[in-house]
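K.L.:
TSV, C-alpha atoms and all ligand atoms, file target25.tsv:
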chain	number	residue	atom	x	y	z
G	182	MET	CA	31.35	38.99	24.43
G	183	GLY	CA	33.88	36.35	25.39
G	184	LYS	CA	33.28	32.64	25.25
G	185	MET	CA	30.91	31.33	27.91
G	186	ARG	CA	31.56	28.23	29.93
G	187	GLY	CA	28.66	26.49	31.60
G	188	ALA	CA	27.83	23.53	33.75
G	189	ILE	CA	24.67	21.74	34.74
G	190	VAL	CA	23.72	19.86	37.88
G	191	VAL	CA	21.06	17.19	37.43
G	192	ASP	CA	19.03	16.01	40.41
G	193	ASN	CA	19.64	12.37	39.51
G	194	GLU	CA	16.95	10.92	41.73
G	195	ARG	CA	14.24	13.19	40.30
G	196	CYS	CA	15.27	12.77	36.65
G	197	LYS	CA	12.81	10.61	34.67
G	198	GLY	CA	15.20	9.84	31.81
G	199	CYS	CA	12.91	11.33	29.16
G	200	GLU	CA	15.85	12.53	27.01
G	201	VAL	CA	14.13	15.82	26.11
G	202	CYS	CA	17.08	17.82	27.51
G	203	MET	CA	19.55	15.71	25.53
G	204	VAL	CA	18.03	16.40	22.09
G	205	ASN	CA	17.59	20.10	22.90
G	206	CYS	CA	21.19	20.75	23.94
G	207	PRO	CA	22.82	22.69	21.07
G	208	ALA	CA	26.32	21.76	22.32
G	209	ASP	CA	25.72	18.01	22.49
G	210	THR	CA	26.85	18.06	26.12
G	211	ILE	CA	24.28	15.69	27.59
G	212	ALA	CA	23.99	11.91	27.47
G	213	MET	CA	22.00	9.41	29.50
G	214	ALA	CA	23.83	7.48	32.20
G	215	SER	CA	24.14	3.74	31.74
G	216	GLU	CA	23.30	3.37	35.46
G	217	VAL	CA	19.75	3.91	36.66
G	218	ASN	CA	18.42	5.90	39.61
G	219	GLY	CA	16.21	4.57	42.40
G	220	LYS	CA	13.15	4.72	40.11
G	221	GLY	CA	14.92	2.79	37.37
G	222	TYR	CA	15.48	5.74	35.03
G	223	HIS	CA	18.70	6.36	33.10
G	224	TYR	CA	19.38	9.91	34.29
G	225	ALA	CA	20.89	12.74	32.26
G	226	TYR	CA	24.49	13.83	32.84
G	227	MET	CA	27.18	15.99	31.22
G	228	GLU	CA	29.03	13.55	29.01
G	229	LYS	CA	31.14	16.35	27.50
G	230	PRO	CA	31.33	18.98	30.22
G	231	GLU	CA	33.83	21.11	28.31
G	232	THR	CA	31.21	21.84	25.60
G	233	CYS	CA	28.52	23.33	27.87
G	234	THR	CA	27.87	27.05	27.30
G	235	GLY	CA	25.33	27.46	30.09
G	236	CYS	CA	22.55	28.40	27.64
G	237	ALA	CA	19.87	26.85	29.91
G	238	ASN	CA	17.99	25.26	27.00
G	239	CYS	CA	18.10	21.92	28.77
G	240	SER	CA	16.75	23.22	32.06
G	241	ILE	CA	13.86	25.19	30.58
G	242	VAL	CA	12.60	22.22	28.53
G	243	CYS	CA	13.00	19.72	31.36
G	244	PRO	CA	9.41	18.80	32.29
G	245	ASP	CA	10.47	17.87	35.80
G	246	GLY	CA	12.63	20.91	36.48
G	247	VAL	CA	15.55	18.86	37.71
G	248	ILE	CA	18.43	20.72	35.99
G	249	THR	CA	20.28	23.69	37.50
G	250	VAL	CA	22.49	25.73	35.17
G	251	TYR	CA	25.59	27.81	35.92
G	252	ARG	CA	27.58	30.03	33.59
G	253	VAL	CA	30.78	32.10	33.65
G	254	LYS	CA	32.80	34.12	31.14
G	255	ALA	CA	35.73	31.92	30.23
E	294	MET	CA	38.45	25.73	33.87
E	295	ASP	CA	37.40	23.30	36.53
E	296	ILE	CA	33.69	22.51	36.80
E	297	LYS	CA	33.86	23.44	40.48
E	298	GLU	CA	34.83	26.98	39.44
E	299	ILE	CA	31.61	27.22	37.42
E	300	ILE	CA	29.16	25.61	39.84
E	301	LYS	CA	28.93	28.47	42.34
E	302	PRO	CA	25.85	30.36	43.55
E	303	GLU	CA	26.99	33.60	41.93
E	304	ASN	CA	27.07	31.87	38.52
E	305	LEU	CA	23.52	30.53	38.70
E	306	VAL	CA	21.55	30.96	35.46
E	307	HIS	CA	18.44	28.86	35.90
E	308	GLN	CA	16.95	26.53	38.48
E	309	ARG	CA	13.54	25.18	39.44
E	310	THR	CA	11.39	27.97	40.82
E	311	SER	CA	10.73	27.80	44.56
E	312	LEU	CA	7.02	28.19	43.76
E	313	MET	CA	6.97	24.56	42.69
E	314	THR	CA	6.58	22.29	45.72
E	315	ASP	CA	9.00	19.45	46.43
E	316	ALA	CA	6.39	16.86	45.36
E	317	THR	CA	7.48	14.65	42.47
E	318	LEU	CA	5.30	15.40	39.45
E	319	SER	CA	2.85	12.59	38.73
E	320	TYR	CA	3.31	13.00	34.97
E	321	CYS	CA	4.87	10.48	32.60
E	322	PRO	CA	8.51	11.14	31.63
E	323	GLY	CA	8.68	13.89	29.00
E	324	CYS	CA	5.06	15.08	29.40
E	325	GLY	CA	4.57	18.78	28.62
E	326	HIS	CA	2.26	19.27	31.61
E	327	GLY	CA	5.29	19.59	33.90
E	328	THR	CA	6.99	22.15	31.67
E	329	VAL	CA	3.88	24.35	31.69
E	330	HIS	CA	3.50	24.08	35.48
E	331	HIS	CA	7.02	25.45	35.93
E	332	LEU	CA	6.38	28.33	33.52
E	333	VAL	CA	3.19	29.45	35.25
E	334	MET	CA	4.97	29.43	38.62
E	335	GLU	CA	8.00	31.28	37.18
E	336	VAL	CA	5.71	34.06	35.96
E	337	VAL	CA	3.91	34.26	39.31
E	338	GLU	CA	7.30	34.44	41.02
E	339	GLU	CA	8.61	37.17	38.69
E	340	MET	CA	5.43	39.24	39.13
E	341	GLU	CA	5.62	38.68	42.91
E	342	ILE	CA	1.95	37.73	43.05
E	343	GLN	CA	2.19	34.41	44.90
E	344	GLU	CA	-0.16	35.64	47.65
E	345	GLN	CA	-2.69	37.06	45.14
E	346	THR	CA	-2.87	34.15	42.71
E	347	ILE	CA	-5.53	31.43	42.77
E	348	GLY	CA	-5.45	28.48	40.37
E	349	ILE	CA	-8.20	26.01	39.50
E	350	ALA	CA	-7.11	22.45	38.74
E	351	PRO	CA	-9.21	20.36	36.33
E	352	VAL	CA	-10.09	16.70	36.03
E	353	GLY	CA	-7.49	14.95	33.89
E	354	CYS	CA	-3.82	14.12	34.34
E	355	SER	CA	-3.31	17.57	35.90
E	356	VAL	CA	-5.97	17.01	38.59
E	357	LEU	CA	-3.19	17.12	41.19
E	358	ALA	CA	-1.80	20.49	40.01
E	359	TYR	CA	-2.61	21.87	43.48
E	360	ASP	CA	0.00	19.52	44.96
E	361	PHE	CA	2.68	20.91	42.66
E	362	MET	CA	2.07	24.67	42.57
E	363	ASP	CA	2.73	26.44	45.86
E	364	ILE	CA	-0.17	28.89	45.62
E	365	ASP	CA	-3.82	28.81	46.69
E	366	MET	CA	-5.73	26.41	44.48
E	367	SER	CA	-9.11	24.83	44.11
E	368	GLN	CA	-10.17	21.87	42.00
E	369	ALA	CA	-13.33	21.78	39.91
E	370	ALA	CA	-15.64	19.04	38.67
E	371	HIS	CA	-14.80	17.91	35.14
E	372	GLY	CA	-14.97	20.89	32.75
E	373	ARG	CA	-16.29	23.34	35.33
E	374	ALA	CA	-13.05	25.18	36.11
E	375	PRO	CA	-14.06	28.40	34.25
E	376	ALA	CA	-17.29	28.55	36.28
E	377	VAL	CA	-15.42	28.09	39.57
E	378	ALA	CA	-12.84	30.66	38.45
E	379	THR	CA	-15.67	33.09	37.60
E	380	GLY	CA	-17.08	32.82	41.11
E	381	ILE	CA	-13.70	33.28	42.78
E	382	LYS	CA	-12.75	36.24	40.58
E	383	ARG	CA	-16.07	37.99	41.18
E	384	LEU	CA	-15.61	37.60	44.93
E	385	TRP	CA	-12.00	38.80	44.77
E	386	PRO	CA	-11.66	40.98	41.66
E	387	ASP	CA	-8.08	41.94	42.54
E	388	LYS	CA	-6.78	38.37	42.70
E	389	PHE	CA	-5.11	36.73	39.71
E	390	VAL	CA	-7.28	33.73	38.86
E	391	PHE	CA	-6.40	31.08	36.30
E	392	THR	CA	-7.71	27.70	35.24
E	393	TYR	CA	-5.46	24.91	34.04
E	394	GLN	CA	-7.35	22.46	31.81
E	395	GLY	CA	-6.84	19.62	29.33
E	396	ASP	CA	-8.64	19.31	26.02
E	397	GLY	CA	-11.09	16.70	27.26
E	398	ASP	CA	-11.91	18.89	30.23
E	399	LEU	CA	-12.11	22.20	28.33
E	400	ALA	CA	-13.34	21.21	24.86
E	401	ALA	CA	-15.60	18.22	25.59
E	402	ILE	CA	-17.47	18.10	28.89
E	403	GLY	CA	-16.64	21.75	29.67
E	404	THR	CA	-17.41	23.32	26.29
E	405	ALA	CA	-20.34	25.36	27.64
E	406	GLU	CA	-18.37	26.71	30.61
E	407	THR	CA	-15.44	27.60	28.34
E	408	ILE	CA	-17.49	29.41	25.69
E	409	HIS	CA	-19.65	31.31	28.16
E	410	ALA	CA	-16.81	32.41	30.45
E	411	CYS	CA	-15.01	33.70	27.33
E	412	ASN	CA	-18.15	35.35	26.01
E	413	ARG	CA	-18.85	37.03	29.35
E	414	GLY	CA	-15.32	38.41	29.25
E	415	GLU	CA	-14.41	37.20	32.72
E	416	ASP	CA	-11.11	38.70	33.88
E	417	ILE	CA	-9.45	35.32	34.26
E	418	THR	CA	-6.74	33.39	32.43
E	419	ILE	CA	-7.39	29.98	30.91
E	420	ILE	CA	-4.37	27.74	30.32
E	421	PHE	CA	-5.44	24.99	27.96
E	422	ILE	CA	-3.24	21.93	27.39
E	423	ASN	CA	-4.23	20.35	24.08
E	424	ASN	CA	-2.73	16.89	23.63
E	425	GLY	CA	-5.50	15.67	21.35
E	426	ILE	CA	-6.56	12.90	23.67
E	427	TYR	CA	-7.98	11.95	27.06
E	428	GLY	CA	-4.61	11.21	28.64
E	429	MET	CA	-5.62	10.31	32.15
E	430	THR	CA	-8.28	7.73	31.39
E	431	GLY	CA	-6.29	5.74	28.84
E	432	GLY	CA	-6.05	7.64	25.59
E	433	GLN	CA	-9.66	7.87	24.41
E	434	MET	CA	-10.61	10.11	21.50
E	435	ALA	CA	-11.21	13.76	22.40
E	436	PRO	CA	-12.94	16.46	20.34
E	437	THR	CA	-9.42	17.65	19.48
E	438	THR	CA	-8.21	14.27	18.15
E	439	LEU	CA	-6.91	14.71	14.59
E	440	GLU	CA	-8.43	13.18	11.49
E	441	GLY	CA	-7.01	9.68	11.12
E	442	MET	CA	-5.41	9.78	14.57
E	443	LYS	CA	-5.58	6.51	16.48
E	444	SER	CA	-6.85	6.44	20.02
E	445	SER	CA	-8.23	3.69	22.23
E	446	THR	CA	-11.75	4.55	21.06
E	447	SER	CA	-10.77	5.20	17.44
E	448	PRO	CA	-8.38	2.28	16.90
E	449	TYR	CA	-8.52	2.64	13.10
E	450	GLY	CA	-8.08	6.40	13.28
E	451	ARG	CA	-10.65	9.18	13.63
E	452	ASP	CA	-13.17	8.99	10.81
E	453	LEU	CA	-14.68	12.42	10.14
E	454	GLN	CA	-17.89	11.00	8.73
E	455	SER	CA	-18.85	9.08	11.86
E	456	MET	CA	-16.82	10.87	14.55
E	457	GLY	CA	-16.97	14.49	13.43
E	458	HIS	CA	-14.23	17.05	12.95
E	459	PRO	CA	-11.44	18.11	15.32
E	460	LEU	CA	-12.74	21.02	17.39
E	461	LYS	CA	-10.58	24.14	17.13
E	462	ILE	CA	-12.02	25.80	20.16
E	463	THR	CA	-9.28	28.43	20.42
E	464	GLU	CA	-10.18	29.83	16.97
E	465	LEU	CA	-13.79	29.92	18.18
E	466	VAL	CA	-13.18	31.79	21.44
E	467	ALA	CA	-10.90	34.28	19.66
E	468	GLN	CA	-14.00	35.50	17.81
E	469	LEU	CA	-15.95	36.25	20.98
E	470	PRO	CA	-15.98	39.87	22.09
E	471	GLY	CA	-15.14	38.91	25.70
E	472	THR	CA	-11.65	37.63	24.89
E	473	ASN	CA	-8.77	40.10	24.93
E	474	PHE	CA	-5.70	37.91	24.38
E	475	VAL	CA	-5.82	34.54	22.62
E	476	THR	CA	-2.76	32.61	21.56
E	477	ARG	CA	-1.56	29.09	20.75
E	478	GLN	CA	1.92	28.01	21.84
E	479	ALA	CA	4.02	24.89	22.60
E	480	VAL	CA	6.69	23.86	25.12
E	481	HIS	CA	8.64	21.04	23.45
E	482	LYS	CA	11.64	23.19	22.43
E	483	PRO	CA	13.51	25.98	24.21
E	484	GLY	CA	12.32	28.69	21.79
E	485	ASN	CA	8.72	27.62	22.30
E	486	VAL	CA	9.17	27.53	26.07
E	487	ARG	CA	10.39	31.14	26.01
E	488	LYS	CA	7.43	32.27	23.86
E	489	THR	CA	4.95	30.46	26.08
E	490	LYS	CA	6.38	32.12	29.16
E	491	LYS	CA	5.98	35.54	27.52
E	492	ALA	CA	2.39	34.66	26.65
E	493	ILE	CA	1.61	33.65	30.24
E	494	ARG	CA	3.11	36.90	31.47
E	495	LYS	CA	1.02	38.87	28.96
E	496	ALA	CA	-2.12	36.98	30.04
E	497	PHE	CA	-1.57	37.90	33.69
E	498	GLU	CA	-0.93	41.55	32.72
E	499	VAL	CA	-4.23	41.58	30.81
E	500	GLN	CA	-5.84	40.31	33.98
E	501	ARG	CA	-4.21	43.02	36.08
E	502	GLU	CA	-5.68	45.63	33.73
E	503	LYS	CA	-9.10	43.89	33.81
E	504	LYS	CA	-9.37	43.83	30.02
E	505	GLY	CA	-11.23	40.52	29.74
E	506	MET	CA	-10.41	36.89	29.15
E	507	SER	CA	-6.86	35.81	28.35
E	508	PHE	CA	-6.71	32.35	26.78
E	509	ILE	CA	-3.54	30.36	26.08
E	510	GLU	CA	-3.66	27.04	24.27
E	511	ILE	CA	-0.50	24.97	24.54
E	512	VAL	CA	-0.25	22.16	22.02
E	513	SER	CA	1.44	19.39	23.98
E	514	ASN	CA	2.35	15.75	23.83
E	515	CYS	CA	0.81	12.72	25.47
E	516	ASN	CA	3.55	10.27	24.74
E	517	SER	CA	1.90	7.50	26.77
E	518	GLY	CA	-1.46	7.93	25.06
E	519	TRP	CA	0.13	8.29	21.64
E	520	LYS	CA	2.31	5.24	22.39
E	521	MET	CA	5.62	6.90	21.51
E	522	SER	CA	8.81	7.90	23.28
E	523	PRO	CA	8.83	11.52	24.51
E	524	ASN	CA	11.11	12.75	21.73
E	525	GLU	CA	9.22	10.78	19.07
E	526	SER	CA	5.98	12.30	20.31
E	527	ASN	CA	7.42	15.82	20.04
E	528	VAL	CA	8.47	15.20	16.43
E	529	TRP	CA	5.06	13.68	15.67
E	530	MET	CA	3.42	16.69	17.27
E	531	GLU	CA	5.31	19.09	14.99
E	532	GLU	CA	4.45	17.07	11.91
E	533	HIS	CA	0.81	16.31	12.68
E	534	MET	CA	-0.60	18.57	15.40
E	535	PHE	CA	0.88	21.91	14.29
E	536	PRO	CA	-0.63	21.89	10.76
E	537	SER	CA	-4.09	21.54	12.32
E	538	TYR	CA	-3.32	23.67	15.36
E	539	PRO	CA	-0.96	26.36	13.99
E	540	LEU	CA	1.03	28.24	16.62
E	541	GLY	CA	0.92	31.98	17.15
E	542	ASP	CA	-1.19	34.83	18.47
E	543	MET	CA	-4.81	34.97	17.33
E	544	LYS	CA	-6.00	38.00	19.24
E	545	VAL	CA	-3.95	40.73	20.91
E	546	ASP	CA	-5.40	43.70	22.84
E	547	GLY	CA	-8.88	42.69	21.74
E	548	LYS	CA	-7.99	42.69	18.01
E	549	ILE	CA	-7.89	39.57	15.84
E	550	VAL	CA	-4.39	39.40	14.32
E	551	LYS	CA	-4.73	36.29	12.17
E	552	ASP	CA	-6.88	34.89	9.38
E	553	LEU	CA	-8.87	32.58	11.64
E	554	MET	CA	-11.19	31.33	8.92
E	555	LYS	CA	-8.20	29.97	7.01
E	556	ASP	CA	-7.15	27.96	10.07
E	557	LEU	CA	-10.69	26.82	10.88
E	558	VAL	CA	-11.28	24.98	7.61
M	1	LIG	C1	-18.05	13.85	35.18
M	1	LIG	C2	-16.88	13.02	34.76
M	1	LIG	N1	-16.92	12.39	33.58
M	1	LIG	C3	-15.88	11.64	33.17
M	1	LIG	C4	-14.77	11.51	33.97
M	1	LIG	C5	-13.61	10.65	33.51
M	1	LIG	N2	-12.47	11.43	33.06
M	1	LIG	C6	-11.45	11.68	33.88
M	1	LIG	S1	-10.22	12.53	33.13
M	1	LIG	C7	-11.05	12.56	31.67
M	1	LIG	C8	-10.47	13.20	30.42
M	1	LIG	C9	-9.24	13.98	30.63
M	1	LIG	O1	-8.70	14.40	29.42
M	1	LIG	P1	-8.04	15.81	29.26
M	1	LIG	O2	-8.89	16.86	29.83
M	1	LIG	O3	-7.68	15.96	27.83
M	1	LIG	O4	-6.75	15.77	30.19
M	1	LIG	P2	-5.35	15.01	29.97
M	1	LIG	O5	-5.38	13.88	30.92
M	1	LIG	O6	-5.23	14.62	28.55
M	1	LIG	O7	-4.34	16.05	30.36
M	1	LIG	C10	-12.28	11.90	31.78
M	1	LIG	C11	-13.24	11.74	30.67
M	1	LIG	C12	-14.77	12.18	35.22
M	1	LIG	N3	-13.72	12.11	36.05
M	1	LIG	N4	-15.84	12.92	35.59
M	2	LIG	S1	23.18	24.61	29.50
M	2	LIG	FE1	22.99	24.57	27.24
M	2	LIG	S2	24.97	23.76	26.54
M	2	LIG	FE2	24.84	23.30	28.73
M	2	LIG	S3	24.01	21.22	28.81
M	2	LIG	FE3	22.27	22.63	28.97
M	2	LIG	S4	21.56	22.88	26.85
M	2	LIG	FE4	23.62	21.99	26.76
M	3	LIG	S1	14.64	16.53	30.55
M	3	LIG	FE1	14.79	16.44	32.80
M	3	LIG	S2	13.74	14.55	33.38
M	3	LIG	FE2	14.13	14.44	31.17
M	3	LIG	S3	16.10	13.35	31.01
M	3	LIG	FE3	16.58	15.52	31.04
M	3	LIG	S4	16.95	16.01	33.19
M	3	LIG	FE4	15.91	14.04	33.14
M	4	LIG	S1	-0.93	10.14	30.21
M	4	LIG	FE1	-0.28	11.65	28.69
M	4	LIG	S2	-0.99	13.65	29.45
M	4	LIG	FE2	-1.04	12.18	31.16
M	4	LIG	S3	0.92	12.42	32.21
M	4	LIG	FE3	1.16	10.75	30.74
M	4	LIG	S4	1.95	11.72	28.88
M	4	LIG	FE4	1.12	13.36	30.19
M	5	MG	MG	-5.87	15.75	26.89
In structure tokens, what does this structure look like?
P.N.:
Amino acid sequence: MGKMRGAIVVDNERCKGCEVCMVNCPADTIAMASEVNGKGYHYAYMEKPETCTGCANCSIVCPDGVITVYRVKA
Amino acid sequence: MDIKEIIKPENLVHQRTSLMTDATLSYCPGCGHGTVHHLVMEVVEEMEIQEQTIGIAPVGCSVLAYDFMDIDMSQAAHGRAPAVATGIKRLWPDKFVFTYQGDGDLAAIGTAETIHACNRGEDITIIFINNGIYGMTGGQMAPTTLEGMKSSTSPYGRDLQSMGHPLKITELVAQLPGTNFVTRQAVHKPGNVRKTKKAIRKAFEVQREKKGMSFIEIVSNCNSGWKMSPNESNVWMEEHMFPSYPLGDMKVDGKIVKDLMKDLV
């Protein structure tokens, strides 16, 4: 199997900034934004987009279900 | 490769199931309740049983579960969800009926309903969120609170002599002849999420085959009640909750698959 490239889309306004996705990302892709959303939470974003493999670990552990994951063969 | 090349509908791997409503979850950031809600709805979606599934919400933080899950739901008085589920299932034996309950709801005020529904072997599924505390009302001690664990009503930690022992109700119900599938899982890490989803699927299959009670405990965090950050609470949970509430199947296809007495004492 070739290398997989992935990407996530975070629904910024629904993210609660819990950081659970961040610590569970095996590729260290995610960081928390320095800006806050309308509720005052630092939302998750892809700090290193080139590292994402599209494994979906982040989206399945997100308690609020705000991450969508995409993946392609690179 | 440009990100725009990756973010296309045909490359979709995972997104929030459409069986969750658009309502914002009322849970604290990082609370496992939300993760479990999504898993139950993903299983219902995959089994294509949205029209045949009826859930019973408890009293506790998840009292509003009916606002979040896009299926038919009822809500029971504190601890009475297994009794309400029994009535609904007996009226509609071909529906998939599950309760969703916290540890205060299921193992304190609802102990009798839990034990007797399990003992009667009702063809329902109980989803039991054990966070060792009364989350909703401000972190009071629950029967499941660990020895030495601080809560708002055990500020110096639970003292076994005066406050009794943590109640391992899942080990108890596994020993009743009416239970068919009994397991304890978690949802704080991706591997655990996947196992819990499999367990929920298995529980609903047991229900389809009318083999008796399927009972899933999920050891979860209450970061607000425990006064920790979400990730700290998940680490604390692994270090402190899991030794007392070890994960894994206890009963499969009506057969006990674990040394329950070892875990009980
Ligand atoms: C008959 C009755 N007694 C007491 C209460 C107060 N009460 C509301 S929620 C709750 C405990 C909830 O704890 P748990 O079931 O563990 O749910 P969690 O919030 O931790 O998910 C209590 C005692 C009530 N609502 N009704
Ligand atoms: S899909 Fe996997 S690699 Fe990509 S951000 Fe999520 S956890 Fe990290
Ligand atoms: S797990 Fe979900 S809610 Fe928590 S920070 Fe990540 S995207 Fe936001
Ligand atoms: S109080 Fe505890 S159980 Fe309730 S939503 Fe907050 S973290 Fe979850
Ligand atoms: Mg609780």
K.L.:
Please find the residues contacting ligand MG 5 (chain M) at a distance of at most 10 Å between atoms, with only C-alpha atoms and all ligand atoms counted, and report them as a PyMOL selection string.
P.N.:
chain E and resi 353-355+394-400+421-430+432-438+512-515+518
K.L.:
What's the 7 Å shell around Gln345 of chain E, counting only C-alpha atoms, without same-chain residues fewer than 2 positions away, as number ranges by chain?
P.N.:
E: 342-343, 347, 388-389
K.L.:
Give the residue list for ligand LIG 3 (chain M) at 8 Å, counting only C-alpha atoms and all ligand atoms, as a list of chain:residue names, sorted by chain and then by residue number.
P.N.:
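The distance check yields G:Val191, G:Asp192, G:Asn193, G:Arg195, G:Cys196, G:Lys197, G:Gly198, G:Cys199, G:Glu200, G:Val201, G:Cys202, G:Met203, G:Met213, G:His223, G:Tyr224, G:Ala225, G:Tyr226, G:Cys239, G:Ser240, G:Val242, G:Cys243, G:Pro244, G:Asp245, G:Gly246, G:Val247, G:Ile248, E:Pro322, E:Gly323.
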K.L.:
Deliver the residues from the most recent selection as a file, using C-alpha atoms, as a short mmCIF file (atom, residue, chain, number, x, y, z; two decimals), keeping the file's coordinate frame.
P.N.:
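Result file follows (out.cif):
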data_model
loop_
_atom_site.label_atom_id
_atom_site.label_comp_id
_atom_site.auth_asym_id
_atom_site.auth_seq_id
_atom_site.Cartn_x
_atom_site.Cartn_y
_atom_site.Cartn_z
CA VAL G 191 21.06 17.19 37.43
CA ASP G 192 19.03 16.01 40.41
CA ASN G 193 19.64 12.37 39.51
CA ARG G 195 14.24 13.19 40.30
CA CYS G 196 15.27 12.77 36.65
CA LYS G 197 12.81 10.61 34.67
CA GLY G 198 15.20 9.84 31.81
CA CYS G 199 12.91 11.33 29.16
CA GLU G 200 15.85 12.53 27.01
CA VAL G 201 14.13 15.82 26.11
CA CYS G 202 17.08 17.82 27.51
CA MET G 203 19.55 15.71 25.53
CA MET G 213 22.00 9.41 29.50
CA HIS G 223 18.70 6.36 33.10
CA TYR G 224 19.38 9.91 34.29
CA ALA G 225 20.89 12.74 32.26
CA TYR G 226 24.49 13.83 32.84
CA CYS G 239 18.10 21.92 28.77
CA SER G 240 16.75 23.22 32.06
CA VAL G 242 12.60 22.22 28.53
CA CYS G 243 13.00 19.72 31.36
CA PRO G 244 9.41 18.80 32.29
CA ASP G 245 10.47 17.87 35.80
CA GLY G 246 12.63 20.91 36.48
CA VAL G 247 15.55 18.86 37.71
CA ILE G 248 18.43 20.72 35.99
CA PRO E 322 8.51 11.14 31.63
CA GLY E 323 8.68 13.89 29.00
#
K.L.:
Just need the residues of chain E within 10 Å of chain G, counting only C-alpha atoms, so spit them out as a PDB file with C-alpha atoms, in the frame of the given file.
P.N.:
ATOM      1  CA  MET E 294      38.450  25.730  33.870  1.00  0.00           C
ATOM      2  CA  ASP E 295      37.400  23.300  36.530  1.00  0.00           C
ATOM      3  CA  ILE E 296      33.690  22.510  36.800  1.00  0.00           C
ATOM      4  CA  LYS E 297      33.860  23.440  40.480  1.00  0.00           C
ATOM      5  CA  GLU E 298      34.830  26.980  39.440  1.00  0.00           C
ATOM      6  CA  ILE E 299      31.610  27.220  37.420  1.00  0.00           C
ATOM      7  CA  ILE E 300      29.160  25.610  39.840  1.00  0.00           C
ATOM      8  CA  LYS E 301      28.930  28.470  42.340  1.00  0.00           C
ATOM      9  CA  PRO E 302      25.850  30.360  43.550  1.00  0.00           C
ATOM     10  CA  GLU E 303      26.990  33.600  41.930  1.00  0.00           C
ATOM     11  CA  ASN E 304      27.070  31.870  38.520  1.00  0.00           C
ATOM     12  CA  LEU E 305      23.520  30.530  38.700  1.00  0.00           C
ATOM     13  CA  VAL E 306      21.550  30.960  35.460  1.00  0.00           C
ATOM     14  CA  HIS E 307      18.440  28.860  35.900  1.00  0.00           C
ATOM     15  CA  GLN E 308      16.950  26.530  38.480  1.00  0.00           C
ATOM     16  CA  ARG E 309      13.540  25.180  39.440  1.00  0.00           C
ATOM     17  CA  THR E 310      11.390  27.970  40.820  1.00  0.00           C
ATOM     18  CA  MET E 313       6.970  24.560  42.690  1.00  0.00           C
ATOM     19  CA  THR E 317       7.480  14.650  42.470  1.00  0.00           C
ATOM     20  CA  LEU E 318       5.300  15.400  39.450  1.00  0.00           C
ATOM     21  CA  SER E 319       2.850  12.590  38.730  1.00  0.00           C
ATOM     22  CA  TYR E 320       3.310  13.000  34.970  1.00  0.00           C
ATOM     23  CA  CYS E 321       4.870  10.480  32.600  1.00  0.00           C
ATOM     24  CA  PRO E 322       8.510  11.140  31.630  1.00  0.00           C
ATOM     25  CA  GLY E 323       8.680  13.890  29.000  1.00  0.00           C
ATOM     26  CA  CYS E 324       5.060  15.080  29.400  1.00  0.00           C
ATOM     27  CA  GLY E 325       4.570  18.780  28.620  1.00  0.00           C
ATOM     28  CA  HIS E 326       2.260  19.270  31.610  1.00  0.00           C
ATOM     29  CA  GLY E 327       5.290  19.590  33.900  1.00  0.00           C
ATOM     30  CA  THR E 328       6.990  22.150  31.670  1.00  0.00           C
ATOM     31  CA  VAL E 329       3.880  24.350  31.690  1.00  0.00           C
ATOM     32  CA  HIS E 330       3.500  24.080  35.480  1.00  0.00           C
ATOM     33  CA  HIS E 331       7.020  25.450  35.930  1.00  0.00           C
ATOM     34  CA  LEU E 332       6.380  28.330  33.520  1.00  0.00           C
ATOM     35  CA  VAL E 480       6.690  23.860  25.120  1.00  0.00           C
ATOM     36  CA  HIS E 481       8.640  21.040  23.450  1.00  0.00           C
ATOM     37  CA  LYS E 482      11.640  23.190  22.430  1.00  0.00           C
ATOM     38  CA  PRO E 483      13.510  25.980  24.210  1.00  0.00           C
ATOM     39  CA  GLY E 484      12.320  28.690  21.790  1.00  0.00           C
ATOM     40  CA  ASN E 485       8.720  27.620  22.300  1.00  0.00           C
ATOM     41  CA  VAL E 486       9.170  27.530  26.070  1.00  0.00           C
ATOM     42  CA  ARG E 487      10.390  31.140  26.010  1.00  0.00           C
ATOM     43  CA  SER E 522       8.810   7.900  23.280  1.00  0.00           C
ATOM     44  CA  PRO E 523       8.830  11.520  24.510  1.00  0.00           C
ATOM     45  CA  ASN E 524      11.110  12.750  21.730  1.00  0.00           C
ATOM     46  CA  GLU E 525       9.220  10.780  19.070  1.00  0.00           C
ATOM     47  CA  ASN E 527       7.420  15.820  20.040  1.00  0.00           C
TER      48      ASN E 527
END
K.L.:
Draw an axis-aligned box tight on the listed atoms of segment 315-330 of chain E, then pad every side by 3 Å and write out centre and edge lengths in Å to one decimal as AutoDock Vina command-line options.
P.N.:
--center_x 5.6 --center_y 17.4 --center_z 37.5 --size_x 12.7 --size_y 19.9 --size_z 23.8
K.L.:
Give me, please, the distance in Å between atom CA of Lys491 of chain E and atom CA of Ala467 of chain E, quoted to one decimal.
P.N.:
18.7 Å
K.L.:
Of the candidates E:Leu465, E:Met442, E:Ile511, E:Leu384, which one gets nearest to ligand LIG 1 (chain M) if we count all atoms listed in the file?
P.N.:
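Among E:Leu465, E:Met442, E:Ile511, E:Leu384, it is E:Ile511 that comes nearest to ligand LIG 1 (chain M).
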